[in-house]
Every structure is written in C-alpha cells, then in structure tokens.
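Novice: Sharing entry-v4.cif below, mmCIF, C-alpha atoms:
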```
data_upload
#
loop_
_atom_site.label_atom_id
_atom_site.label_comp_id
_atom_site.auth_asym_id
_atom_site.auth_seq_id
_atom_site.Cartn_x
_atom_site.Cartn_y
_atom_site.Cartn_z
CA MET X 1 109.60 121.59 104.67
CA THR X 2 109.52 122.11 108.43
CA ALA X 3 109.77 125.85 107.91
CA HIS X 4 106.40 125.77 106.15
CA SER X 5 104.70 123.43 108.60
CA PRO X 6 101.76 125.28 110.05
CA SER X 7 101.03 124.60 113.67
CA LEU X 8 97.61 123.14 114.27
CA ASP X 9 95.93 123.85 117.56
CA ALA X 10 93.54 121.57 119.44
CA LEU X 11 90.47 122.87 117.59
CA ASP X 12 92.12 122.35 114.18
CA ARG X 13 92.99 118.81 115.20
CA SER X 14 89.45 118.12 116.40
CA ILE X 15 88.12 119.40 113.08
CA VAL X 16 90.56 117.19 111.15
CA ALA X 17 89.64 114.16 113.25
CA ALA X 18 85.91 114.84 112.78
CA THR X 19 86.14 115.20 108.98
CA GLN X 20 88.80 112.67 107.89
CA GLY X 21 86.02 110.27 106.95
CA GLY X 22 84.15 112.96 105.01
CA LEU X 23 81.69 115.78 105.58
CA PRO X 24 78.07 115.07 106.49
CA LEU X 25 75.94 115.27 103.33
CA VAL X 26 73.49 117.84 104.66
CA THR X 27 72.57 121.42 103.81
CA ARG X 28 74.92 122.94 106.40
CA PRO X 29 77.77 120.45 106.85
CA PHE X 30 80.07 122.89 108.65
CA ALA X 31 77.37 123.59 111.23
CA GLU X 32 77.17 119.87 111.95
CA VAL X 33 80.97 119.60 112.26
CA ALA X 34 80.84 122.66 114.52
CA ARG X 35 78.38 120.92 116.85
CA ALA X 36 80.63 117.86 117.00
CA VAL X 37 83.72 119.86 117.98
CA GLY X 38 82.02 122.49 120.15
CA ALA X 39 82.65 125.55 118.00
CA SER X 40 80.55 127.86 115.86
CA GLU X 41 79.85 127.26 112.18
CA ALA X 42 81.65 130.50 111.28
CA GLU X 43 84.72 129.39 113.28
CA VAL X 44 84.85 126.01 111.53
CA ILE X 45 84.63 127.68 108.11
CA ALA X 46 87.35 130.14 109.13
CA ARG X 47 89.59 127.27 110.29
CA PHE X 48 89.09 125.44 106.98
CA ARG X 49 89.93 128.64 105.11
CA GLN X 50 93.14 128.99 107.13
CA MET X 51 94.08 125.30 106.69
CA HIS X 52 93.43 125.59 102.96
CA TYR X 53 95.61 128.70 102.79
CA SER X 54 98.44 126.99 104.68
CA GLY X 55 98.20 123.86 102.52
CA VAL X 56 97.01 121.47 105.23
CA VAL X 57 93.77 121.07 103.26
CA ARG X 58 94.29 120.68 99.51
CA ARG X 59 90.61 121.20 98.84
CA ILE X 60 87.22 119.93 99.92
CA ALA X 61 86.27 117.52 97.21
CA ALA X 62 84.59 114.32 96.12
CA VAL X 63 87.17 111.56 96.46
CA PRO X 64 86.52 108.91 93.80
CA ASN X 65 87.20 105.23 94.28
CA HIS X 66 89.08 104.23 91.13
CA TYR X 67 88.12 100.58 91.36
CA ALA X 68 84.41 101.37 91.67
CA LEU X 69 84.67 103.63 88.61
CA GLY X 70 85.79 100.56 86.67
CA LEU X 71 89.43 101.65 86.60
CA ARG X 72 90.99 98.36 87.64
CA ALA X 73 94.45 98.74 86.13
CA ASN X 74 96.61 100.97 88.29
CA GLY X 75 99.93 101.86 86.72
CA MET X 76 102.65 103.83 88.42
CA THR X 77 104.54 105.23 85.45
CA VAL X 78 108.11 106.26 86.26
CA TRP X 79 110.38 108.38 84.09
CA ASP X 80 114.06 109.27 84.03
CA VAL X 81 113.82 112.91 82.98
CA ASP X 82 116.61 115.43 82.51
CA ASP X 83 116.88 117.36 85.80
CA ALA X 84 116.97 120.69 83.98
CA ALA X 85 113.59 120.00 82.35
CA VAL X 86 111.76 117.97 84.99
CA GLY X 87 110.01 120.91 86.70
CA GLU X 88 108.34 122.23 83.59
CA LEU X 89 107.63 118.78 82.14
CA GLY X 90 106.29 117.55 85.48
CA ARG X 91 103.75 120.37 85.52
CA ASN X 92 102.69 119.49 81.96
CA VAL X 93 102.32 115.82 82.85
CA GLY X 94 100.42 116.67 86.05
CA ALA X 95 98.02 118.78 84.01
CA LEU X 96 96.93 115.78 81.90
CA ALA X 97 93.34 114.94 82.88
CA PHE X 98 94.08 111.22 83.36
CA VAL X 99 97.11 111.67 85.63
CA THR X 100 95.91 111.45 89.24
CA HIS X 101 99.19 112.03 91.08
CA CYS X 102 102.42 113.45 89.74
CA TYR X 103 105.59 113.87 91.80
CA ARG X 104 109.30 114.44 91.46
CA ARG X 105 111.27 112.06 93.68
CA PRO X 106 115.00 111.41 94.18
CA ARG X 107 116.94 108.92 92.08
CA ARG X 108 118.60 106.06 93.97
CA GLU X 109 121.22 103.46 93.18
CA GLY X 110 119.62 101.06 90.68
CA TRP X 111 116.61 103.36 90.39
CA PRO X 112 117.12 106.12 87.80
CA TYR X 113 113.55 107.46 87.76
CA ASN X 114 112.84 110.97 89.09
CA LEU X 115 109.29 111.59 87.82
CA PHE X 116 106.29 109.55 88.95
CA ALA X 117 102.83 109.82 87.33
CA MET X 118 99.94 107.63 88.48
CA VAL X 119 97.60 106.46 85.74
CA HIS X 120 94.42 104.38 86.03
CA GLY X 121 92.58 102.51 83.33
CA ALA X 122 89.98 99.79 82.78
CA THR X 123 92.75 97.64 81.25
CA ARG X 124 96.54 97.61 81.03
CA GLU X 125 96.26 98.50 77.33
CA GLU X 126 94.43 101.67 78.31
CA VAL X 127 97.15 102.51 80.85
CA GLU X 128 99.80 101.91 78.16
CA THR X 129 98.04 104.25 75.72
CA LYS X 130 98.03 106.93 78.42
CA ALA X 131 101.69 106.26 79.25
CA ASP X 132 102.51 106.72 75.54
CA ALA X 133 100.86 110.12 75.66
CA ILE X 134 102.99 111.06 78.68
CA GLY X 135 106.08 109.83 76.82
CA LYS X 136 105.28 112.04 73.83
CA LEU X 137 104.83 115.02 76.11
CA ILE X 138 108.19 114.46 77.83
CA GLY X 139 109.87 113.82 74.49
CA ALA X 140 113.65 113.83 74.20
CA ALA X 141 114.17 114.78 77.86
CA CYS X 142 113.11 111.22 78.78
CA ARG X 143 115.95 108.69 78.97
CA ALA X 144 114.02 105.67 80.25
CA SER X 145 110.62 104.73 81.65
CA GLU X 146 108.68 101.83 83.12
CA ILE X 147 105.13 101.05 84.24
CA LEU X 148 104.69 99.32 87.60
CA TYR X 149 101.21 97.81 87.90
CA SER X 150 99.73 97.19 91.30
CA THR X 151 98.75 93.56 91.71
CA ARG X 152 97.37 93.69 95.24
CA ILE X 153 96.57 96.17 98.00
CA LEU X 154 98.47 94.85 101.03
CA LYS X 155 97.36 97.60 103.43
CA LYS X 156 95.30 100.77 103.17
CA THR X 157 94.55 102.70 106.31
CA GLY X 158 95.33 106.29 105.38
CA PHE X 159 97.24 108.47 107.77
CA ARG X 160 96.18 108.95 111.34
CA LEU X 161 96.40 112.13 113.29
CA SER X 162 96.83 111.99 117.01
CA ALA X 163 94.38 114.41 118.57
CA MET W 1 80.70 95.53 87.08
CA LYS W 2 80.66 99.29 86.62
CA PRO W 3 77.94 101.14 88.49
CA ALA W 4 75.87 103.31 86.16
CA LEU W 5 76.77 106.97 86.39
CA ASP W 6 74.50 109.21 84.40
CA THR W 7 75.77 112.43 82.85
CA THR W 8 74.58 114.45 85.84
CA ASP W 9 76.52 112.19 88.24
CA ARG W 10 79.62 112.65 86.11
CA ALA W 11 79.23 116.40 85.93
CA LEU W 12 78.78 116.48 89.70
CA VAL W 13 81.81 114.28 90.44
CA ASN W 14 83.95 116.37 88.09
CA ARG W 15 82.73 119.63 89.57
CA LEU W 16 83.44 118.39 93.09
CA GLN W 17 86.98 117.43 92.12
CA ASP W 18 87.67 121.14 91.88
CA GLY W 19 86.57 121.77 95.43
CA LEU W 20 83.51 122.68 97.42
CA PRO W 21 83.22 126.39 98.31
CA LEU W 22 83.79 127.35 101.95
CA VAL W 23 80.34 128.79 102.55
CA PRO W 24 77.60 127.73 105.00
CA GLU W 25 75.58 125.96 102.29
CA PRO W 26 78.21 124.58 99.91
CA PHE W 27 76.04 121.92 98.26
CA ALA W 28 73.38 124.51 97.41
CA ALA W 29 76.10 126.65 95.80
CA VAL W 30 77.33 123.75 93.65
CA ALA W 31 73.75 122.79 92.79
CA ALA W 32 73.04 126.32 91.59
CA GLU W 33 76.17 126.28 89.42
CA LEU W 34 75.13 123.03 87.78
CA GLY W 35 71.45 124.01 87.46
CA LEU W 36 70.34 121.30 89.89
CA ALA W 37 68.30 121.27 93.07
CA GLU W 38 70.28 120.99 96.30
CA ASP W 39 68.19 117.95 97.33
CA ASP W 40 69.16 116.24 94.09
CA VAL W 41 72.87 116.96 94.65
CA LEU W 42 72.75 115.62 98.22
CA ALA W 43 70.81 112.52 97.14
CA ARG W 44 73.26 111.79 94.30
CA LEU W 45 76.28 112.20 96.58
CA ALA W 46 74.71 109.90 99.17
CA ARG W 47 74.00 107.30 96.48
CA LEU W 48 77.49 107.52 94.91
CA THR W 49 79.06 107.18 98.35
CA ALA W 50 76.85 104.20 99.22
CA LEU W 51 77.74 102.57 95.89
CA GLY W 52 81.42 103.10 96.64
CA VAL W 53 81.96 105.26 93.54
CA LEU W 54 83.08 107.97 95.94
CA SER W 55 85.18 107.07 98.96
CA ARG W 56 83.92 110.22 100.61
CA VAL W 57 83.09 113.87 100.07
CA GLY W 58 85.23 115.98 102.33
CA PRO W 59 88.54 117.68 102.98
CA MET W 60 91.61 116.21 101.29
CA TYR W 61 94.30 116.63 103.89
CA ASN W 62 97.92 116.98 102.91
CA ALA W 63 99.63 114.73 105.45
CA ALA W 64 103.02 116.28 104.61
CA ARG W 65 101.75 119.60 105.98
CA PHE W 66 100.93 118.28 109.43
CA GLY W 67 104.57 118.70 110.33
CA GLY W 68 105.22 114.97 110.29
CA GLY W 69 107.16 112.84 107.88
CA LEU W 70 105.83 111.28 104.70
CA SER W 71 107.65 109.10 102.21
CA LEU W 72 107.18 106.48 99.53
CA CYS W 73 109.39 103.43 100.07
CA ALA W 74 110.19 100.42 97.90
CA MET W 75 111.69 97.00 98.56
CA ALA W 76 112.74 94.06 96.40
CA VAL W 77 111.32 91.12 98.37
CA PRO W 78 112.16 87.51 97.40
CA ALA W 79 108.97 85.78 96.24
CA ASP W 80 109.15 83.05 98.88
CA ARG W 81 109.32 85.63 101.69
CA PHE W 82 106.73 88.03 100.29
CA GLU W 83 103.82 87.23 102.63
CA ALA W 84 106.01 87.17 105.73
CA VAL W 85 107.67 90.49 104.86
CA ALA W 86 104.28 92.05 104.03
CA ALA W 87 103.03 91.04 107.49
CA LEU W 88 106.13 92.53 109.16
CA VAL W 89 105.89 95.79 107.22
CA ASN W 90 102.11 96.15 107.65
CA ALA W 91 102.45 95.70 111.41
CA PHE W 92 104.12 99.12 111.61
CA PRO W 93 101.45 101.74 112.39
CA GLU W 94 103.61 104.19 110.39
CA VAL W 95 102.78 102.25 107.20
CA ALA W 96 99.69 103.99 105.79
CA HIS W 97 99.35 101.92 102.64
CA ASN W 98 101.23 99.15 100.98
CA TYR W 99 100.90 97.83 97.42
CA ALA W 100 102.32 94.80 95.66
CA ARG W 101 103.62 95.74 92.19
CA ASP W 102 104.90 93.56 89.37
CA HIS W 103 108.52 94.68 89.30
CA ARG W 104 111.85 93.66 90.83
CA LEU W 105 110.91 96.29 93.45
CA ASN W 106 107.70 94.48 94.30
CA MET W 107 106.59 96.10 97.55
CA TRP W 108 105.72 99.82 97.69
CA PHE W 109 104.52 101.44 100.87
CA VAL W 110 103.88 104.93 102.21
CA LEU W 111 105.22 105.91 105.63
CA ALA W 112 103.36 108.65 107.52
CA THR W 113 105.05 109.54 110.80
CA GLU W 114 104.72 112.10 113.56
CA SER W 115 108.12 113.58 112.77
CA GLU W 116 110.61 113.66 109.90
CA ALA W 117 113.16 111.75 112.00
CA ASP W 118 110.70 108.88 112.46
CA ILE W 119 110.92 108.12 108.73
CA ASP W 120 114.60 107.16 108.98
CA ARG W 121 114.06 105.30 112.24
CA THR W 122 111.18 103.27 110.79
CA ILE W 123 113.16 102.45 107.65
CA ARG W 124 116.11 101.25 109.74
CA GLU W 125 113.80 99.05 111.82
CA ILE W 126 112.21 97.54 108.71
CA GLU W 127 115.63 96.92 107.18
CA SER W 128 116.96 95.22 110.30
CA LEU W 129 113.81 93.10 110.74
CA THR W 130 113.74 91.94 107.13
CA ASP W 131 117.41 92.22 106.11
CA ILE W 132 116.17 93.86 102.88
CA LYS W 133 117.24 97.31 101.70
CA VAL W 134 114.50 99.96 101.68
CA LEU W 135 114.60 102.67 99.01
CA ASN W 136 113.42 105.96 100.51
CA LEU W 137 111.73 108.08 97.81
CA PRO W 138 110.26 111.18 99.46
CA LYS W 139 108.34 113.63 97.34
CA LEU W 140 110.56 116.52 96.21
CA GLU W 141 107.91 118.36 94.22
CA GLU W 142 104.21 117.81 93.58
CA TYR W 143 102.58 118.59 90.26
CA PHE W 144 98.92 117.57 90.66
CA ILE W 145 96.47 115.36 92.54
CA GLY W 146 93.00 114.59 91.26
CA LEU W 147 90.98 112.60 88.78
CA LYS W 148 88.44 113.51 86.12
CA VAL W 149 85.87 111.01 84.93
CA ASP W 150 84.73 111.10 81.31
CA ALA W 151 81.80 113.47 81.10
#
```
Could you express the structure from this file as structure tokens?

Specialist:
Amino acid sequence: MTAHSPSLDALDRSIVAATQGGLPLVTRPFAEVARAVGASEAEVIARFRQMHYSGVVRRIAAVPNHYALGLRANGMTVWDVDDAAVGELGRNVGALAFVTHCYRRPRREGWPYNLFAMVHGATREEVETKADAIGKLIGAACRASEILYSTRILKKTGFRLSA
Amino acid sequence: MKPALDTTDRALVNRLQDGLPLVPEPFAAVAAELGLAEDDVLARLARLTALGVLSRVGPMYNAARFGGGLSLCAMAVPADRFEAVAALVNAFPEVAHNYARDHRLNMWFVLATESEADIDRTIREIESLTDIKVLNLPKLEEYFIGLKVDA
C-alpha cells in the first residue's frame, strides 16, 4: 500500500483542507477554491485531476445522507466466501445498485467473514430482502453470513488531514 | 419523515454519484446533460444540502491513499461497560467513526492514522485501557463505494 501512496505537497493539502466539507455551489467552484488557497483555477483543476488519477480523490460527487433519504436501517452484511471465488464475487456484489460499500477483509479467530457489503433500507425487512439477493449471487461459495445492524452512532467525525 | 425528492432531484443525485466533470463550469456541464438550467441545478443542490438529503457535494477523498493507516476494528464490550468503553474509545482522535451494532461484537470503529504503524499502536493502547481484545480488520480489497436512489 505504501508503494502506491502518492505524496501530497502543501498545495494539495490546502486544497484537500478547503474542500473536505464540500465544494461551493457556484458556477465556477474551482475558481473559488483557487482564491481560498492562493492558486489559479487551472492549477486547482490540474491538482484534482492528478489526485483523481492517483486515487486520493475517488470522484467529485454528491454525498447522500442515508438517514435523510429515509434509509434508517443500516445493515453490515458479512459473508464467509471461498477465498478462490471472493474476488470475482466481491465485484459482482459491489456492482449491485443497493450495495454502498463492499470490501474484502481478513478473517480472524472467531470471525470467519471475509466479505463485507453495506446495505441500507427503510426497514430491517428491506435490508433482509437485499441480503437475500446478495446471498443468491454468492451462491454455493458462501459458507455462512450474518447481518449486523447499527443501533447507534457513537462518533462520526470523518478523517482529519494535518495541513 | 422523508423529505420530498421529485424525479429531477433523484436524477440529479444519481447523476452526481457518478462524479462531477473536472471542468471550470462543472454544474453547467451536468445541467446540460440532464436538460436542465444551471441555476436550477445549483438551487436544487443547495436545497438538498440544506435539507440534509446530501451531506455535501464535493470530492470524496480516499483516506487510505493519504499514506496513513486506515482500519475497521471491532470489540465485544460487556453491556454494563458499554458507555464507559465508548467514551474511552471515542476520546482517541484516531477514531474517525464508531457505531454500536447488535452483535456479540457490539462496537465497530474506524481508525484513521497518520501512519500505518499508528494503527497497531492505537489498538494496543485501546486494548490496554479497556482490557478488551480489538479485532483489526483492514480492507484488503475494495469493490465499490456509492449509492443510487430509486429514480
């Protein structure tokens, strides 16, 4: 992972700090960011292009609030999937429109699950219907699964970047 | 109480899940694609943000690519100690979010640290403060991140 870590210079970091809370909703948002960080609009766009290319920026997008969309049931579905099949099946699960995050993670003692897919729904029944669809997609490669519902947000600050 | 999203709002939210183009006037470009006026797009985004339907419109940063450490961790906390342990864990600035879940492993938090080595150090500190084992479940592979709303 470290081998792929791009190095961010001071301007990149200023741009990140200035836009972590979102872009200004104006005709030329990058020009406004540029004014805030003391660079040109073209430079800010070029830096975003580079950070997107290196994977620091996934994309510039609308970030929905699941709760405000009426999706109050948040289920972390976890699956024990055959290691030989998990890459291909993970990509299929991640491609489902209702799966918001999909990761492969290591198994641990007492924790056999290596595939995680986050599913939101208005109710737990809705989450279960979606989990069933994931289960059908994984098929025989799945040995066990569970749904862990969130019951409370204990902390949510997002990550912080030291400038 | 679900805020009313009309079909245009939904089309706009879905379109913006795929990413805003890196051009000087990105909202005008999206508006043109959707057959809307730029003013309308900006007004809708401002309204959806104010309503809380959108947390924000902006870059989605991949914290793992900043060269620091990032991991999902889980603990099985005895019910009678839950609040006290939550306070201890949340006090770490490295803990970015923390969720209670209805499972034997009932506390799930994300660590975001300046360096990879800080993940192990933070986990050891949490374990010694709480005397509870922390499962370290870093991402090995990522398959997708996003959300579509019904159009």

Novice: Could you give me, as an MDAnalysis selection string, the residues within 7 Å of X:Met76, counting all atoms listed in the file and dropping anything in the same chain fewer than 2 positions from it?

Specialist: chainID X and resid 74 78 116:119 147:149

Novice: What are the residues of chain X that have an atom within 6 Å of an atom of chain W, counting all atoms listed in the file, as a count of residues only?

Specialist: 39

Novice: Measure the distance from atom CA of X:Thr123 to atom CA of W:Arg81 in Å and round it to one decimal.

Specialist: 28.9 Å

Novice: Need the shell around stretch 133-144 of chain X: protein/DNA/RNA residues with any atom at most 8 Å away, counting only C-alpha atoms. Skip same-chain ones fewer than 6 positions apart. Format as a PyMOL selection string?

Specialist: chain X and resi 79-82+85+89+92-93+113

Novice: To one decimal place, how far is atom CA of X:Asp83 from atom CA of X:Leu115 in Å?

Specialist: 9.7 Å

Novice: Rounded to one decimal in Å, what is the spacing between atom CA of X:Glu88 and atom CA of X:Lys130?

Specialist: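 Straight-line distance from atom CA of X:Glu88 to atom CA of X:Lys130 works out to 19.2 Å.
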
Novice: Give as a list in words the residues that the PyMOL selection byres ((chain X and resi 120) around 8) matches when applied to the coordinates above.

Specialist: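 So the PyMOL selection byres ((chain X and resi 120) around 8), applied here, picks out His66, Leu71, Arg72, Ala73, Asn74, Gly75, Phe98, Val99, Thr100, Met118, Val119, Gly121, Ala122 and Val127 of chain X.
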
Novice: Choose the residue, out of X:Leu11, X:Leu96, X:Leu25, X:Ala18, that has the smallest atom-to-atom separation from X:Glu43; count all atoms listed in the file.

Specialist: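 Smallest separation from X:Glu43 among the options: X:Leu11.
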
Novice: Around all the atoms of stretch 42-58 of chain X listed in the file, with 6 Å of room on each side, what axis-aligned box do you get, giving centre and edge lengths in Å to one decimal, as lines of an AutoDock Vina configuration file?

Specialist:
```
center_x = 90.0
center_y = 125.6
center_z = 106.4
size_x = 28.8
size_y = 21.8
size_z = 25.8
```

Novice: Env of X:Arg13: 12 Å cut, atoms = all atoms listed in the file, seq-sep filter 3 positions within chain, self excluded. Answer as a PyMOL selection string.

Specialist: (chain X and resi 7-10+16-20+37+44+47-48+51+56+160-163) or (chain W and resi 61+66)

Novice: Could you write those residues out with C-alpha atoms, as a PDB file, in the frame of the given file?

Specialist:
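Result file follows (again-v1.pdb):
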```pdb
ATOM      1  CA  SER X   7     101.030 124.600 113.670  1.00  0.00           C
ATOM      2  CA  LEU X   8      97.610 123.140 114.270  1.00  0.00           C
ATOM      3  CA  ASP X   9      95.930 123.850 117.560  1.00  0.00           C
ATOM      4  CA  ALA X  10      93.540 121.570 119.440  1.00  0.00           C
ATOM      5  CA  VAL X  16      90.560 117.190 111.150  1.00  0.00           C
ATOM      6  CA  ALA X  17      89.640 114.160 113.250  1.00  0.00           C
ATOM      7  CA  ALA X  18      85.910 114.840 112.780  1.00  0.00           C
ATOM      8  CA  THR X  19      86.140 115.200 108.980  1.00  0.00           C
ATOM      9  CA  GLN X  20      88.800 112.670 107.890  1.00  0.00           C
ATOM     10  CA  VAL X  37      83.720 119.860 117.980  1.00  0.00           C
ATOM     11  CA  VAL X  44      84.850 126.010 111.530  1.00  0.00           C
ATOM     12  CA  ARG X  47      89.590 127.270 110.290  1.00  0.00           C
ATOM     13  CA  PHE X  48      89.090 125.440 106.980  1.00  0.00           C
ATOM     14  CA  MET X  51      94.080 125.300 106.690  1.00  0.00           C
ATOM     15  CA  VAL X  56      97.010 121.470 105.230  1.00  0.00           C
ATOM     16  CA  ARG X 160      96.180 108.950 111.340  1.00  0.00           C
ATOM     17  CA  LEU X 161      96.400 112.130 113.290  1.00  0.00           C
ATOM     18  CA  SER X 162      96.830 111.990 117.010  1.00  0.00           C
ATOM     19  CA  ALA X 163      94.380 114.410 118.570  1.00  0.00           C
TER      20      ALA X 163
ATOM     21  CA  TYR W  61      94.300 116.630 103.890  1.00  0.00           C
ATOM     22  CA  PHE W  66     100.930 118.280 109.430  1.00  0.00           C
TER      23      PHE W  66
END
```

Novice: Taking 2 positions as the minimum chain separation for residues in the same chain, which residues sit within 8 Å of W:Val134 when counting all atoms listed in the file? Answer as an MDAnalysis selection string.

Specialist: chainID W and resid 73:75 123 126:127 132 136
